[in-house]
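K.L.:
Structure: start37.cif, mmCIF, C-alpha atoms.
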data_upload
loop_
_atom_site.label_atom_id
_atom_site.label_comp_id
_atom_site.auth_asym_id
_atom_site.auth_seq_id
_atom_site.Cartn_x
_atom_site.Cartn_y
_atom_site.Cartn_z
CA MET A 1 -42.50 -58.34 -48.20
CA LYS A 2 -39.61 -55.90 -48.68
CA ARG A 3 -36.27 -56.95 -47.26
CA LEU A 4 -34.39 -54.34 -45.26
CA GLY A 5 -30.69 -54.29 -44.41
CA ILE A 6 -29.64 -52.26 -41.38
CA LEU A 7 -26.18 -50.74 -40.94
CA LEU A 8 -25.16 -49.50 -37.52
CA SER A 9 -22.09 -48.64 -35.46
CA GLY A 10 -23.60 -48.23 -31.98
CA ARG A 11 -26.74 -49.00 -30.02
CA GLY A 12 -28.94 -48.51 -33.07
CA SER A 13 -32.02 -47.12 -31.35
CA ASN A 14 -33.45 -46.28 -34.75
CA PHE A 15 -32.95 -49.89 -35.78
CA GLU A 16 -34.98 -50.92 -32.74
CA ALA A 17 -37.71 -48.44 -33.62
CA ILE A 18 -37.93 -49.96 -37.12
CA ALA A 19 -38.04 -53.48 -35.65
CA GLU A 20 -40.83 -52.40 -33.27
CA SER A 21 -42.83 -50.89 -36.13
CA ILE A 22 -42.56 -54.13 -38.07
CA ALA A 23 -43.53 -56.18 -35.02
CA ALA A 24 -46.52 -53.89 -34.44
CA GLY A 25 -47.69 -54.34 -38.03
CA CYS A 26 -47.07 -50.66 -38.88
CA LEU A 27 -44.48 -51.41 -41.53
CA ASP A 28 -44.85 -54.14 -44.15
CA ALA A 29 -41.23 -55.25 -44.32
CA GLU A 30 -38.73 -57.62 -42.75
CA ILE A 31 -35.22 -57.08 -41.50
CA ALA A 32 -33.05 -59.44 -43.53
CA VAL A 33 -29.75 -58.59 -41.87
CA VAL A 34 -28.20 -56.19 -39.36
CA ILE A 35 -24.55 -55.34 -40.03
CA SER A 36 -22.15 -53.49 -37.76
CA ASN A 37 -18.66 -52.27 -38.55
CA ARG A 38 -17.81 -52.32 -34.85
CA ALA A 39 -17.62 -55.37 -32.62
CA ASP A 40 -18.71 -53.41 -29.56
CA ALA A 41 -21.92 -52.06 -31.12
CA PRO A 42 -24.77 -52.94 -28.70
CA GLY A 43 -27.09 -53.04 -31.71
CA LEU A 44 -25.59 -56.37 -32.77
CA GLU A 45 -26.59 -58.08 -29.52
CA ARG A 46 -30.00 -56.45 -29.61
CA ALA A 47 -30.54 -57.78 -33.13
CA ARG A 48 -29.63 -61.31 -32.02
CA ALA A 49 -31.98 -60.97 -29.03
CA ARG A 50 -34.75 -60.30 -31.55
CA GLY A 51 -33.86 -63.42 -33.49
CA LEU A 52 -32.47 -61.41 -36.38
CA LYS A 53 -29.40 -62.21 -38.44
CA ALA A 54 -26.60 -60.00 -37.04
CA VAL A 55 -23.24 -59.77 -38.79
CA LEU A 56 -20.01 -58.09 -37.75
CA ILE A 57 -17.82 -56.86 -40.59
CA PRO A 58 -14.94 -54.98 -38.98
CA SER A 59 -13.94 -51.88 -40.90
CA LYS A 60 -10.69 -51.24 -39.10
CA GLY A 61 -7.68 -51.15 -41.41
CA LEU A 62 -9.71 -51.48 -44.61
CA GLU A 63 -9.93 -48.80 -47.24
CA ARG A 64 -13.43 -47.47 -47.75
CA GLU A 65 -14.06 -49.01 -51.18
CA ALA A 66 -12.68 -52.41 -50.22
CA TYR A 67 -14.83 -52.38 -47.11
CA ASP A 68 -17.92 -51.25 -49.01
CA ARG A 69 -17.51 -54.18 -51.43
CA LEU A 70 -17.72 -56.54 -48.47
CA LEU A 71 -20.87 -54.75 -47.27
CA VAL A 72 -22.52 -54.87 -50.69
CA ALA A 73 -21.76 -58.58 -51.00
CA GLU A 74 -23.26 -59.31 -47.58
CA LEU A 75 -26.38 -57.25 -48.34
CA ALA A 76 -26.77 -58.99 -51.72
CA ARG A 77 -26.39 -62.40 -50.06
CA HIS A 78 -29.43 -61.52 -47.93
CA GLU A 79 -31.34 -60.12 -50.92
CA VAL A 80 -31.69 -56.70 -49.33
CA GLU A 81 -33.81 -54.24 -51.30
CA LEU A 82 -33.53 -51.16 -49.09
CA VAL A 83 -30.58 -50.22 -46.87
CA CYS A 84 -31.37 -48.31 -43.67
CA LEU A 85 -28.55 -46.51 -41.86
CA ALA A 86 -29.12 -46.35 -38.11
CA GLY A 87 -26.18 -44.58 -36.54
CA TYR A 88 -23.71 -45.93 -39.07
CA MET A 89 -20.64 -43.76 -38.57
CA ARG A 90 -18.88 -44.09 -41.92
CA LEU A 91 -19.26 -42.23 -45.18
CA LEU A 92 -20.37 -44.56 -47.98
CA SER A 93 -18.24 -44.71 -51.12
CA SER A 94 -19.61 -44.49 -54.65
CA VAL A 95 -19.15 -48.27 -54.86
CA PHE A 96 -21.88 -48.65 -52.27
CA ILE A 97 -24.12 -45.81 -53.51
CA GLN A 98 -24.09 -47.19 -57.07
CA ALA A 99 -24.97 -50.67 -55.86
CA PHE A 100 -28.14 -49.29 -54.20
CA PRO A 101 -29.18 -46.18 -56.15
CA MET A 102 -32.00 -44.34 -54.29
CA ARG A 103 -32.24 -47.42 -52.08
CA ILE A 104 -30.21 -46.20 -49.11
CA VAL A 105 -31.94 -44.19 -46.41
CA ASN A 106 -30.41 -42.34 -43.45
CA ILE A 107 -31.70 -40.35 -40.50
CA HIS A 108 -29.91 -37.27 -39.21
CA PRO A 109 -30.67 -35.35 -35.99
CA SER A 110 -31.14 -31.87 -37.49
CA LEU A 111 -33.34 -30.04 -39.96
CA LEU A 112 -31.07 -30.51 -42.94
CA PRO A 113 -29.50 -28.67 -44.75
CA ALA A 114 -28.74 -27.04 -41.38
CA PHE A 115 -26.10 -28.75 -39.23
CA PRO A 116 -24.87 -31.72 -41.27
CA GLY A 117 -22.09 -33.88 -39.83
CA LEU A 118 -21.20 -34.83 -36.30
CA ASP A 119 -22.83 -33.52 -33.13
CA ALA A 120 -25.75 -31.95 -34.98
CA GLN A 121 -27.69 -31.31 -31.77
CA HIS A 122 -24.72 -29.50 -30.25
CA GLN A 123 -24.24 -27.50 -33.44
CA ALA A 124 -27.90 -26.42 -33.30
CA LEU A 125 -27.71 -25.37 -29.66
CA ALA A 126 -24.48 -23.46 -30.17
CA HIS A 127 -25.92 -21.65 -33.19
CA GLY A 128 -28.89 -20.54 -31.10
CA VAL A 129 -31.73 -21.79 -33.30
CA LYS A 130 -35.20 -21.84 -31.74
CA PHE A 131 -36.29 -25.00 -33.56
CA SER A 132 -34.41 -28.08 -34.63
CA GLY A 133 -35.50 -31.59 -35.55
CA CYS A 134 -34.54 -34.55 -37.67
CA THR A 135 -34.44 -35.58 -41.30
CA VAL A 136 -34.85 -38.88 -43.14
CA HIS A 137 -33.17 -38.66 -46.52
CA PHE A 138 -31.84 -40.71 -49.39
CA VAL A 139 -28.10 -41.14 -49.23
CA ASP A 140 -25.86 -39.86 -51.98
CA GLU A 141 -22.09 -39.43 -52.07
CA HIS A 142 -22.18 -36.16 -50.12
CA LEU A 143 -22.48 -35.92 -46.34
CA ASP A 144 -26.12 -35.74 -45.17
CA ALA A 145 -27.11 -34.27 -48.50
CA GLY A 146 -29.48 -36.50 -50.53
CA PRO A 147 -33.17 -35.84 -51.27
CA ILE A 148 -35.28 -35.36 -48.13
CA ILE A 149 -38.09 -37.86 -47.51
CA GLN A 150 -39.45 -36.69 -44.18
CA GLN A 151 -38.65 -34.20 -41.43
CA ALA A 152 -39.92 -33.43 -37.94
CA VAL A 153 -39.52 -30.25 -35.90
CA VAL A 154 -38.95 -29.81 -32.17
CA PRO A 155 -38.57 -26.58 -30.17
CA VAL A 156 -35.21 -25.70 -28.65
CA GLU A 157 -35.81 -24.53 -25.08
CA ASP A 158 -33.72 -21.84 -23.40
CA GLY A 159 -32.67 -24.32 -20.71
CA ASP A 160 -31.70 -27.11 -23.13
CA THR A 161 -28.48 -29.07 -22.95
CA ASP A 162 -27.12 -31.33 -25.69
CA ALA A 163 -28.69 -34.26 -23.82
CA SER A 164 -32.17 -32.78 -23.37
CA LEU A 165 -32.35 -31.60 -26.99
CA SER A 166 -31.04 -34.94 -28.26
CA ALA A 167 -33.70 -36.83 -26.29
CA ARG A 168 -36.48 -34.62 -27.68
CA ILE A 169 -35.23 -35.13 -31.22
CA LEU A 170 -34.69 -38.89 -30.80
CA LYS A 171 -38.36 -39.42 -30.00
CA GLU A 172 -39.23 -37.81 -33.35
CA GLU A 173 -36.54 -39.81 -35.14
CA HIS A 174 -38.21 -43.05 -34.13
CA ARG A 175 -41.56 -41.80 -35.38
CA ILE A 176 -40.52 -40.40 -38.77
CA TYR A 177 -38.10 -43.16 -39.73
CA THR A 178 -41.04 -45.57 -39.88
CA GLU A 179 -43.19 -43.02 -41.72
CA ALA A 180 -40.49 -42.39 -44.27
CA LEU A 181 -39.85 -46.10 -44.83
CA ARG A 182 -43.56 -46.67 -45.32
CA LEU A 183 -43.61 -44.04 -48.08
CA VAL A 184 -40.44 -45.31 -49.76
CA LEU A 185 -41.53 -48.95 -49.67
CA SER A 186 -44.97 -48.10 -51.03
CA GLY A 187 -43.36 -46.77 -54.20
CA GLN A 188 -46.01 -44.02 -54.15
CA TRP A 189 -43.59 -41.15 -54.62
CA ARG A 190 -41.55 -39.50 -57.31
CA LEU A 191 -38.59 -37.17 -57.49
CA ALA A 192 -39.08 -33.64 -58.88
CA GLY A 193 -35.63 -32.10 -58.96
CA ARG A 194 -34.55 -33.03 -55.47
CA ARG A 195 -38.08 -32.84 -53.99
CA VAL A 196 -39.63 -36.11 -52.88
CA ILE A 197 -43.31 -35.77 -53.79
CA ALA A 198 -45.98 -38.21 -52.63
CA ALA A 199 -48.11 -39.74 -55.41
CA GLY A 200 -51.41 -37.95 -55.92
CA ALA A 201 -50.08 -34.77 -54.32
CA ASP A 202 -50.17 -32.84 -57.56
CA MET B 203 -41.32 4.74 -25.19
CA LYS B 204 -38.63 3.18 -27.39
CA ARG B 205 -38.04 4.86 -30.74
CA LEU B 206 -37.83 2.55 -33.76
CA GLY B 207 -36.29 3.33 -37.14
CA ILE B 208 -37.51 1.28 -40.10
CA LEU B 209 -35.43 0.63 -43.22
CA LEU B 210 -37.16 -0.74 -46.29
CA SER B 211 -36.73 -1.06 -50.05
CA GLY B 212 -40.20 -2.25 -51.10
CA ARG B 213 -43.73 -2.53 -49.82
CA GLY B 214 -42.56 -3.16 -46.28
CA SER B 215 -45.32 -5.47 -45.15
CA ASN B 216 -43.31 -6.24 -42.01
CA PHE B 217 -43.16 -2.50 -41.33
CA GLU B 218 -46.95 -2.41 -41.54
CA ALA B 219 -47.24 -5.37 -39.18
CA ILE B 220 -45.06 -3.53 -36.64
CA ALA B 221 -47.14 -0.36 -37.06
CA GLU B 222 -50.34 -2.38 -36.52
CA SER B 223 -48.92 -3.99 -33.38
CA ILE B 224 -48.09 -0.57 -31.98
CA ALA B 225 -51.54 0.78 -32.89
CA ALA B 226 -53.16 -2.23 -31.23
CA GLY B 227 -51.20 -1.67 -28.02
CA CYS B 228 -49.25 -4.93 -28.41
CA LEU B 229 -45.88 -3.22 -28.66
CA ASP B 230 -44.78 -0.37 -26.41
CA ALA B 231 -42.79 1.61 -28.97
CA GLU B 232 -43.13 4.32 -31.58
CA ILE B 233 -41.89 4.52 -35.14
CA ALA B 234 -39.64 7.58 -35.25
CA VAL B 235 -38.79 7.39 -38.94
CA VAL B 236 -39.22 5.16 -42.00
CA ILE B 237 -36.34 5.33 -44.49
CA SER B 238 -36.22 3.86 -47.99
CA ASN B 239 -33.25 3.67 -50.32
CA ARG B 240 -35.60 3.48 -53.29
CA ALA B 241 -37.99 6.19 -54.47
CA ASP B 242 -40.49 3.64 -55.78
CA ALA B 243 -40.84 1.73 -52.49
CA PRO B 244 -44.58 1.57 -51.71
CA GLY B 245 -43.64 1.44 -48.02
CA LEU B 246 -42.80 5.17 -48.12
CA GLU B 247 -46.30 6.16 -49.18
CA ARG B 248 -47.83 3.75 -46.70
CA ALA B 249 -45.78 5.33 -43.91
CA ARG B 250 -46.98 8.79 -44.87
CA ALA B 251 -50.57 7.54 -44.97
CA ARG B 252 -50.10 6.51 -41.35
CA GLY B 253 -48.86 9.97 -40.45
CA LEU B 254 -45.31 8.74 -39.95
CA LYS B 255 -42.12 10.53 -40.93
CA ALA B 256 -41.00 8.92 -44.22
CA VAL B 257 -37.64 9.77 -45.75
CA LEU B 258 -36.14 8.82 -49.09
CA ILE B 259 -32.33 8.55 -49.14
CA PRO B 260 -31.42 7.25 -52.60
CA SER B 261 -28.57 4.76 -52.55
CA LYS B 262 -27.88 4.75 -56.25
CA GLY B 263 -24.33 5.70 -57.14
CA LEU B 264 -23.13 5.92 -53.53
CA GLU B 265 -20.55 3.61 -52.02
CA ARG B 266 -21.87 1.52 -49.17
CA GLU B 267 -20.00 3.27 -46.36
CA ALA B 268 -20.80 6.75 -47.61
CA TYR B 269 -24.44 5.80 -47.89
CA ASP B 270 -24.51 4.19 -44.47
CA ARG B 271 -23.13 7.40 -42.91
CA LEU B 272 -26.15 9.24 -44.34
CA LEU B 273 -28.45 6.60 -42.87
CA VAL B 274 -26.83 6.71 -39.44
CA ALA B 275 -27.08 10.50 -39.38
CA GLU B 276 -30.76 10.41 -40.29
CA LEU B 277 -31.50 7.75 -37.64
CA ALA B 278 -29.55 9.74 -35.03
CA ARG B 279 -31.47 12.89 -35.94
CA HIS B 280 -34.66 11.03 -35.05
CA GLU B 281 -33.14 9.60 -31.86
CA VAL B 282 -33.71 6.03 -33.01
CA GLU B 283 -32.81 3.37 -30.44
CA LEU B 284 -33.58 0.21 -32.39
CA VAL B 285 -33.32 -0.23 -36.17
CA CYS B 286 -35.76 -2.66 -37.80
CA LEU B 287 -35.06 -3.92 -41.31
CA ALA B 288 -38.23 -4.67 -43.24
CA GLY B 289 -37.26 -5.85 -46.69
CA TYR B 290 -34.21 -3.62 -46.85
CA MET B 291 -32.25 -4.97 -49.79
CA ARG B 292 -28.73 -3.82 -49.03
CA LEU B 293 -25.96 -5.29 -46.90
CA LEU B 294 -25.04 -2.99 -44.02
CA SER B 295 -21.42 -1.92 -43.67
CA SER B 296 -19.44 -2.03 -40.44
CA VAL B 297 -19.96 1.74 -40.22
CA PHE B 298 -23.66 1.09 -39.70
CA ILE B 299 -23.29 -2.03 -37.52
CA GLN B 300 -20.89 -0.27 -35.17
CA ALA B 301 -23.21 2.71 -34.81
CA PHE B 302 -26.01 0.38 -33.58
CA PRO B 303 -24.34 -2.62 -31.93
CA MET B 304 -26.94 -5.31 -31.15
CA ARG B 305 -29.57 -2.70 -31.95
CA ILE B 306 -30.37 -3.73 -35.53
CA VAL B 307 -32.96 -6.43 -36.14
CA ASN B 308 -33.86 -8.18 -39.39
CA ILE B 309 -36.40 -10.77 -40.49
CA HIS B 310 -35.57 -13.44 -43.04
CA PRO B 311 -38.00 -15.88 -44.71
CA SER B 312 -36.24 -19.14 -43.82
CA LEU B 313 -35.17 -21.14 -40.80
CA LEU B 314 -31.66 -19.76 -40.63
CA PRO B 315 -28.92 -20.90 -40.93
CA ALA B 316 -30.63 -22.71 -43.83
CA PHE B 317 -31.18 -20.66 -47.00
CA PRO B 318 -29.63 -17.25 -46.33
CA GLY B 319 -29.63 -14.65 -49.09
CA LEU B 320 -32.06 -13.93 -51.89
CA ASP B 321 -35.14 -15.99 -52.76
CA ALA B 322 -35.02 -18.02 -49.55
CA GLN B 323 -38.47 -19.51 -50.14
CA HIS B 324 -37.46 -20.68 -53.61
CA GLN B 325 -34.20 -22.10 -52.23
CA ALA B 326 -36.18 -24.06 -49.62
CA LEU B 327 -38.61 -25.47 -52.19
CA ALA B 328 -35.84 -26.43 -54.57
CA HIS B 329 -33.91 -28.16 -51.80
CA GLY B 330 -36.97 -30.23 -50.97
CA VAL B 331 -37.26 -29.47 -47.24
CA LYS B 332 -40.51 -30.49 -45.55
CA PHE B 333 -40.55 -27.51 -43.18
CA SER B 334 -39.41 -23.95 -43.59
CA GLY B 335 -40.21 -20.74 -41.74
CA CYS B 336 -38.79 -17.39 -40.78
CA THR B 337 -36.19 -15.95 -38.45
CA VAL B 338 -35.85 -12.65 -36.59
CA HIS B 339 -32.20 -12.02 -35.79
CA PHE B 340 -29.74 -9.37 -34.76
CA VAL B 341 -27.76 -8.04 -37.70
CA ASP B 342 -24.01 -8.37 -37.85
CA GLU B 343 -21.63 -7.83 -40.74
CA HIS B 344 -22.35 -11.22 -42.29
CA LEU B 345 -25.38 -12.00 -44.45
CA ASP B 346 -28.37 -13.21 -42.41
CA ALA B 347 -26.03 -14.49 -39.73
CA GLY B 348 -26.40 -12.68 -36.37
CA PRO B 349 -27.84 -14.15 -33.15
CA ILE B 350 -31.36 -15.52 -33.54
CA ILE B 351 -34.12 -13.91 -31.47
CA GLN B 352 -37.19 -15.78 -32.65
CA GLN B 353 -38.21 -18.33 -35.30
CA ALA B 354 -41.44 -19.80 -36.61
CA VAL B 355 -41.98 -23.00 -38.58
CA VAL B 356 -44.40 -23.74 -41.43
CA PRO B 357 -44.89 -26.98 -43.36
CA VAL B 358 -43.88 -27.17 -47.01
CA GLU B 359 -46.69 -28.88 -48.94
CA ASP B 360 -46.08 -31.12 -51.94
CA GLY B 361 -48.14 -28.79 -54.12
CA ASP B 362 -46.42 -25.59 -53.00
CA THR B 363 -45.15 -22.92 -55.34
CA ASP B 364 -42.83 -20.07 -54.40
CA ALA B 365 -45.92 -17.90 -54.00
CA SER B 366 -47.93 -20.24 -51.78
CA LEU B 367 -44.97 -20.99 -49.52
CA SER B 368 -44.06 -17.30 -49.32
CA ALA B 369 -47.61 -16.39 -48.29
CA ARG B 370 -47.62 -19.04 -45.54
CA ILE B 371 -44.27 -17.81 -44.22
CA LEU B 372 -45.24 -14.12 -44.45
CA LYS B 373 -48.12 -14.62 -42.05
CA GLU B 374 -45.68 -15.99 -39.47
CA GLU B 375 -43.22 -13.17 -40.18
CA HIS B 376 -45.80 -10.60 -39.15
CA ARG B 377 -46.48 -12.49 -35.92
CA ILE B 378 -42.92 -13.15 -34.78
CA TYR B 379 -41.45 -9.78 -35.71
CA THR B 380 -43.66 -8.19 -33.06
CA GLU B 381 -42.88 -10.95 -30.55
CA ALA B 382 -39.15 -10.57 -31.11
CA LEU B 383 -39.29 -6.76 -30.80
CA ARG B 384 -41.22 -7.10 -27.57
CA LEU B 385 -38.47 -9.29 -26.12
CA VAL B 386 -35.65 -7.07 -27.35
CA LEU B 387 -37.29 -3.85 -26.14
CA SER B 388 -38.05 -5.38 -22.74
CA GLY B 389 -34.32 -5.86 -22.15
CA GLN B 390 -35.23 -9.17 -20.47
CA TRP B 391 -32.72 -11.27 -22.40
CA ARG B 392 -29.04 -12.02 -22.49
CA LEU B 393 -26.56 -13.48 -24.93
CA ALA B 394 -24.90 -16.83 -24.11
CA GLY B 395 -22.40 -17.42 -26.89
CA ARG B 396 -24.72 -16.69 -29.80
CA ARG B 397 -27.87 -17.94 -28.04
CA VAL B 398 -30.46 -15.32 -27.15
CA ILE B 399 -31.85 -16.46 -23.78
CA ALA B 400 -34.91 -14.91 -22.17
CA ALA B 401 -34.42 -13.66 -18.60
CA GLY B 402 -35.53 -16.13 -15.97
CA ALA B 403 -35.19 -19.04 -18.38
CA ASP B 404 -32.27 -20.52 -16.50
#
Could I get this file's structure written as structure tokens?

P.N.:
Amino acid sequence: MKRLGILLSGRGSNFEAIAESIAAGCLDAEIAVVISNRADAPGLERARARGLKAVLIPSKGLEREAYDRLLVAELARHEVELVCLAGYMRLLSSVFIQAFPMRIVNIHPSLLPAFPGLDAQHQALAHGVKFSGCTVHFVDEHLDAGPIIQQAVVPVEDGDTDASLSARILKEEHRIYTEALRLVLSGQWRLAGRRVIAAGAD
Amino acid sequence: MKRLGILLSGRGSNFEAIAESIAAGCLDAEIAVVISNRADAPGLERARARGLKAVLIPSKGLEREAYDRLLVAELARHEVELVCLAGYMRLLSSVFIQAFPMRIVNIHPSLLPAFPGLDAQHQALAHGVKFSGCTVHFVDEHLDAGPIIQQAVVPVEDGDTDASLSARILKEEHRIYTEALRLVLSGQWRLAGRRVIAAGAD
């Protein structure tokens, strides 16, 4: 059974969706550790409520690389094979990326490469797109830029607000994060350039 | 009946889709003139075969603004109210944009703002997105950047080539160009920031 490490900074609703998928038997994996860089992240308490190992490693005042070394050590201690970001609000340094090459996955609430960075749903609304969505991707050293594993599309309605669009996208996030993890953990994929191609697809 | 002017540089399959929509009674408009900047554009002959006014205005050797003044004069001569780009392979100067403010429409084979510019379908494939599509938008002085009127989404399949993805997108282009023109010509829309909102939607 593959061991997942979760990094979060807030409520971690995508972490909960992954935990639910595992509990429901939809995902053959276990959550080895949940780490937050913020003491007030509700995701920490929710992890403990599920009987999971939950660790606070405060990032405040630490330089990125020094902090990332602490993270890598904690993940290694729990023998984590795949790192899942779930609302983790820090850029990862090359120290971290190189410790888990192609083994860090993130979800972002837009159809990347459109609207990387903060407030993606607001960016999409302000730009006036008619469709947006979410993206599960491998993490590299650039912001929201690694190879794309899975995406989902939602319509943008004329009456949408940031909140209504975010809610519509979040529902899809929970669905595709599990789907993407299932593909990655199966090993039945390969990289062609930066395309993630399922085995047997060509 | 609203008078459309079509600009093209090639076969103009989106021009033909618009002409078909008009012939089928789906679009209450008429094509006043079809203009190509290239003598070898098959769209010119196809326009003539439909009994439409087809005009060649060669762009070779002319500076952009000088050329655009010729275009504007020709469109004015035919009392064109809305300009539709259909594979017109030149950037429009501010001379042209200011002559037809918010009255120039283009279609682009990607989900803008992703993949503007040339070879959008190839860009999308190479980036590894799982969905792409097409966008009808108002034209401003920036490349593929004006307010978005309508979009359509298609899946990108693992086995796709530039040709197969382009064909899938093209089918949607023909559908949404007519839909977008119907909205624009109805006047039942307004601009909120850069969002195009249908009347009665809020």

K.L.:
Do you know which residues the PyMOL selection byres ((chain A and resi 95) around 12) returns on this file, as a ChimeraX atom specification?

P.N.:
/A:63-73,91-94,96-101,140-141

K.L.:
Can you spell out as a PyMOL selection string the set of residues that the PyMOL selection byres ((chain B) within 6 of (chain A)) selects in the structure I just provided?

P.N.:
chain B and resi 316+330+332+353+360-361+396-397+399+403-404

K.L.:
Do you have the atom CA of Val235 of chain B-atom CA of Ile309 of chain B distance handy?

P.N.:
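About the pair atom CA of Val235 of chain B and atom CA of Ile309 of chain B: they are 18.4 Å apart.
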
K.L.:
Which residues, written as a PyMOL selection string, have at least one atom at most 12 Å from Arg240 of chain B, with only C-alpha atoms counted and residues fewer than 3 positions away on the same chain left out?

P.N.:
chain B and resi 209-214+236-237+243-247+256-262+289-292

K.L.:
Grab the atom CA of Glu81 of chain A to atom CA of Val358 of chain B distance for me, in Å with one decimal place.

P.N.:
29.2 Å

K.L.:
If the PyMOL selection byres ((chain B and resi 377) around 12) is run on the structure shown, which residues does it catch, given as a PyMOL selection string?

P.N.:
chain B and resi 215-220+222-223+228-229+309+335-338+352-355+370-376+378-384

K.L.:
Quick check, in Å to one decimal: how far apart do atom CA of Gly207 of chain B and atom CA of Val282 of chain B lie?

P.N.:
5.6 Å

K.L.:
Return the single residue from A:His108, A:Asp162, A:Ile31, A:Ala24 that is closest to Leu75 of chain A, with distances computed using all atoms listed in the file.

P.N.:
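Comparing A:His108, A:Asp162, A:Ile31, A:Ala24 against Leu75 of chain A, the winner is A:Ile31.
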
K.L.:
Considering only C-alpha atoms, state which residue in the set B:Met203, B:Leu345, B:Ile306, B:Ala251 is at the smallest distance from Leu320 of chain B.

P.N.:
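Looking at the shortest contact to Leu320 of chain B, the residue is B:Leu345.
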